[in-house]
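This report concerns only the one structure given below.
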Amino acid sequence: MPSNKSVSDASITQFINCRILREHQLQREDLWVRDGRILDPEKLFFDEQGYADERVNCEGSIIAPGFIDVQINGGYGIDFSQISEDVSSGLSFVSKKILQHGVTSFCPTLVTSPPAVYHKVLPQVKVHDGGRGGAGVLGFHLEGPFISVEKKGAHPESFLRTFQAGGMEDLMEAYGSLDSVAMVTLAPELAGSQSVVRELCRRGITVSLGHSVANLSQAEEAVHHGASFITHLFNAMLPFHHRDPGIVGLLTSDRVPSGRTVYYGMIADGIHTNPAALRIAHRAHPSGLVLVTDAITAMGLPPGRHTLGQQVVEIQGLHAYVAGTTTLCGSIATMDMCVRHFKQAAGCSVEEALEAASLHPAQLLGLVHKKGNLDYGSDADLVLLDDALNVKATFISGEEVWRKEP
């Protein structure tokens, strides 16, 4: 038989006895990986006459694309919005911990902060692939400070900003740099915001609408300028009204340009969104739903007081409040919890639940050519799950990076 190294020196791994999520369906077939990417077995057999160097018996598990969290503020005692001399070590700690929840890449999220925080934190973290050290970083999600005072939620009012100088100048003054930024959440009703939306999209940065009192036409205008996401739908925006549905109306708007999809984040933790509201959103626009944790410092920590950016938060059971108030301020949910709750609350299929945490966020960020699916040539970022959608193992670039203890 010809050498298995005829095309590449890299070893070939064959995942057997599994159901893989491909083309929106769980299919009983093997998954082949080489050089960190998913391999087309037909080409391997017929063109190279190659074979597997290693077999992984999945014991009937589901293999899904690794989960992608586009809104996570921290966890395990680490707050991404806090200045420290070594931001990257805290980020690395969280990125390693979330492997057990099936997350293979994420957008560390900074809540509204003073300029000094952005200027200190942003340059310390670069976009990078994941591996044994933890999930990959896709770029920061900057949630604020260009948001509505009325819908600030847990964001500190004293640090909110407007586009006084007319747009990008204000943005750069606040952030300092956009080098490692993947997404910005802003309120589209702020004067000067539309030119900012346009310029951010031109630079390849995803624009999300949130913490806003925008009406539907203001939201539609932002979408025309390139905005493509809604930050934690229903939370921190005007409630749905039949005469003017506000940002929520984007889910069924006929003014979204042809060929474009508006995606929306959902915190499916059983607290931020009533199951009936979650079902309404999913049934209205299933292909746009993106599961986010919106997890804060206290994810993985016991009840008590913790920080979120410039605020003190209190954990009571599964609820996270701004201390001394009843204002929710992020969740302590993990991504695998959200996937399980979403499936149960929405009554959707296993495939839909998994794609809301993988395919949809990859489509949102323009990464679907390499993430969020198990197509040939895509990154072999994988999560192995049982039928109840509990994580059994996580792989990045085909390498096992976490496995549940037997």
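Every chain in the structure tokens has a letter given in the order shown (A, B, ...), and although residue numbers restart at 1 in each chain, ligands are simply numbered from 1 in the order shown.
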Q: Just the residues within 6 Å of Ile68 (chain A), please, counting only C-alpha atoms, with nothing from its chain fewer than 6 positions along; format it as a list in words.
A: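 Close residues of Ile68 (chain A): Val103, Ser105, Phe106, Ala357 and Ser358 of chain A.
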File of the preceding selection, C-alpha atoms, as a PDB file, in the first residue's frame:
```pdb
ATOM      1  CA  VAL A 103     -16.351  26.289  23.982  1.00  0.00           C
ATOM      2  CA  SER A 105     -13.390  29.973  20.647  1.00  0.00           C
ATOM      3  CA  PHE A 106     -14.862  33.146  22.118  1.00  0.00           C
ATOM      4  CA  ALA A 357     -23.978  27.703  19.586  1.00  0.00           C
ATOM      5  CA  SER A 358     -21.713  26.954  16.622  1.00  0.00           C
TER       6      SER A 358
END
```
Q: Compile the contact shell of Val196 (chain A) as a VMD selection string: residues with an atom at most 7 Å away, counting only C-alpha atoms, same-chain residues fewer than 3 positions apart removed.
A: chain A and resid 167 to 168 192 to 193 199 to 200
Writing out the chosen residues with C-alpha atoms as a CSV table (one decimal), in the first residue's frame:
```csv
chain,number,residue,atom,x,y,z
A,167,GLY,CA,-18.4,59.6,15.3
A,168,MET,CA,-15.2,57.6,14.9
A,192,GLY,CA,-23.7,60.3,14.7
A,193,SER,CA,-24.0,56.5,15.2
A,199,GLU,CA,-17.0,52.7,9.2
A,200,LEU,CA,-16.8,49.8,11.7
```
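Nearest residue to Val256 (chain A) among A:Thr394, A:Ser287, A:Ser217, A:Thr307 is A:Ser217, counting only C-alpha atoms.
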**Q.** Residue nearest Phe229 (chain A) among A:Lys370, A:Lys343, A:Lys126, A:Arg260 (counting only C-alpha atoms)
**A.**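 Distance minimum relative to Phe229 (chain A) lands on A:Arg260.
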Q: Write out as number ranges by chain each polymer residue whose atoms come within 8 Å of Ile315 (chain A), counting only C-alpha atoms; drop sequence neighbours fewer than 3 positions from it.
A: A: 298, 302-306, 318-321
Write out, as a PDB file, in the first residue's frame, the residues just selected, with N, CA and C atoms.
```pdb
ATOM      1  N   ALA A 298     -18.546  35.721  38.203  1.00  0.00           N
ATOM      2  CA  ALA A 298     -19.017  34.732  39.178  1.00  0.00           C
ATOM      3  C   ALA A 298     -19.369  33.384  38.575  1.00  0.00           C
ATOM      4  N   PRO A 302     -18.962  30.466  43.997  1.00  0.00           N
ATOM      5  CA  PRO A 302     -20.104  30.325  44.906  1.00  0.00           C
ATOM      6  C   PRO A 302     -20.891  31.634  45.039  1.00  0.00           C
ATOM      7  N   PRO A 303     -22.104  31.591  45.622  1.00  0.00           N
ATOM      8  CA  PRO A 303     -22.890  32.809  45.866  1.00  0.00           C
ATOM      9  C   PRO A 303     -22.087  33.822  46.689  1.00  0.00           C
ATOM     10  N   GLY A 304     -22.442  35.113  46.528  1.00  0.00           N
ATOM     11  CA  GLY A 304     -21.732  36.166  47.259  1.00  0.00           C
ATOM     12  C   GLY A 304     -21.526  37.381  46.371  1.00  0.00           C
ATOM     13  N   ARG A 305     -20.609  38.259  46.782  1.00  0.00           N
ATOM     14  CA  ARG A 305     -20.352  39.505  46.040  1.00  0.00           C
ATOM     15  C   ARG A 305     -19.096  39.378  45.174  1.00  0.00           C
ATOM     16  N   HIS A 306     -19.207  39.863  43.938  1.00  0.00           N
ATOM     17  CA  HIS A 306     -18.097  39.815  42.966  1.00  0.00           C
ATOM     18  C   HIS A 306     -18.135  41.107  42.158  1.00  0.00           C
ATOM     19  N   LEU A 318     -29.181  31.294  41.088  1.00  0.00           N
ATOM     20  CA  LEU A 318     -28.734  31.384  39.692  1.00  0.00           C
ATOM     21  C   LEU A 318     -28.823  32.812  39.152  1.00  0.00           C
ATOM     22  N   HIS A 319     -29.194  33.762  40.022  1.00  0.00           N
ATOM     23  CA  HIS A 319     -29.358  35.157  39.604  1.00  0.00           C
ATOM     24  C   HIS A 319     -28.114  35.970  39.941  1.00  0.00           C
ATOM     25  N   ALA A 320     -27.735  36.874  39.023  1.00  0.00           N
ATOM     26  CA  ALA A 320     -26.651  37.822  39.271  1.00  0.00           C
ATOM     27  C   ALA A 320     -27.240  39.236  39.200  1.00  0.00           C
ATOM     28  N   TYR A 321     -27.179  39.974  40.305  1.00  0.00           N
ATOM     29  CA  TYR A 321     -27.751  41.321  40.369  1.00  0.00           C
ATOM     30  C   TYR A 321     -26.663  42.355  40.630  1.00  0.00           C
TER      31      TYR A 321
END
```
Q: Would you please work out which residue, of A:Ala227, A:Leu209, A:Leu238, A:Ile62, is nearest to Lys151 (chain A) when using only C-alpha atoms?
A: A:Leu238
Q. Do you know which residues are at most 9 Å from Ala214 (chain A) counting only C-alpha atoms, after dropping those on the same chain fewer than 5 positions away, and could you put them as number ranges by chain?
A. A: 187-190, 209, 219, 237-238, 246-247
Q: For Ser88 (chain A), list every protein, DNA or RNA residue within 7 Å, evaluated using only C-alpha atoms, and leave out those in the same chain fewer than 2 positions away; present the list as a PyMOL selection string.
A: chain A and resi 86+90-92+124-125
Residues of the last selection are to be written out with C-alpha atoms, as a JSON list (two decimals), in the first residue's frame.
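Final file, part_35.json:
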```json
[["chain", "number", "residue", "atom", "x", "y", "z"],
["A", 86, "ASP", "CA", -1.26, 40.79, 33.13],
["A", 90, "GLY", "CA", -6.58, 35.96, 33.46],
["A", 91, "LEU", "CA", -7.95, 35.52, 29.96],
["A", 92, "SER", "CA", -5.94, 32.31, 29.54],
["A", 124, "GLN", "CA", -2.56, 43.11, 25.90],
["A", 125, "VAL", "CA", -4.63, 40.53, 24.03]]
```
(Q) According to DSSP computed on the backbone, where in region 122-198 of chain A is there strand (DSSP E)? Give the residues as a list in words. (A)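 Strand (DSSP E) assignments inside region 122-198 of chain A correspond to Gly136, Val137, Phe140, His141, Leu142, Glu143, Val181, Ala182, Met183, Val184, Thr185 and Leu186 of chain A.
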(Q) Which residues are close to Pro145 (chain A), i.e. within 6 Å by only C-alpha atoms, leaving aside same-chain residues fewer than 6 positions away? Reply as a PyMOL selection string. (A) chain A and resi 112+160-161
Take the residues just selected and output them with N, CA, C and O atoms as a PDB file, in the first residue's frame.
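Produced file again_22.pdb, reproduced below:
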```
ATOM      1  N   THR A 112     -19.168  48.629  29.558  1.00  0.00           N
ATOM      2  CA  THR A 112     -18.850  50.063  29.616  1.00  0.00           C
ATOM      3  C   THR A 112     -17.819  50.351  30.702  1.00  0.00           C
ATOM      4  O   THR A 112     -18.010  49.998  31.870  1.00  0.00           O
ATOM      5  N   LEU A 160     -20.849  56.248  30.429  1.00  0.00           N
ATOM      6  CA  LEU A 160     -21.493  56.216  29.119  1.00  0.00           C
ATOM      7  C   LEU A 160     -21.036  57.413  28.297  1.00  0.00           C
ATOM      8  O   LEU A 160     -20.736  58.478  28.836  1.00  0.00           O
ATOM      9  N   ARG A 161     -21.001  57.248  26.973  1.00  0.00           N
ATOM     10  CA  ARG A 161     -20.539  58.314  26.092  1.00  0.00           C
ATOM     11  C   ARG A 161     -21.473  58.476  24.900  1.00  0.00           C
ATOM     12  O   ARG A 161     -22.220  57.552  24.546  1.00  0.00           O
TER      13      ARG A 161
END
```
Q: Find the distance between CA of Arg34 (chain A) and CA of Gly398 (chain A) and write it in Å to one decimal.
A: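 Value for the CA of Arg34 (chain A)-CA of Gly398 (chain A) distance: 7.5 Å.
Distances here use only C-alpha atoms; by that measure, the residue among A:Lys43, A:Tyr76, A:Met335, A:Lys371 closest to Ser397 (chain A) is A:Lys371.
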Q: Using CA of Tyr263 (chain A) and CA of Leu367 (chain A) as the two end points, give the distance in Å to one decimal.
A: 14.2 Å
Q) Looking at A:Leu382, A:Met266, A:Asp336, A:Gly330, which one is nearest to Ala154 (chain A), with distances taken over only C-alpha atoms? A)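 That would be A:Gly330, the residue with the smallest distance to Ala154 (chain A).
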Q. Quick one, how far is CA of Ala345 (chain A) from CA of Ala268 (chain A)?
A.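 It comes out at 8.5 Å.
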Q: Would you mind listing what lies within 12 Å of Pro41 (chain A) as a count of residues only, with only C-alpha atoms counted and same-chain residues fewer than 5 positions away left out?
A: 20
Q) Which is closer to Gly270 (chain A) than all the others in A:Ser61, A:Gln27, A:Gln344, A:Gln194, using only C-alpha atoms? A) A:Gln344
Q | DSSP alpha helix (DSSP H) residues within region 192-382 of chain A, listed as a PyMOL selection string | A | chain A and resi 193-202+216-224+275-284+335-346+350-355+359-364
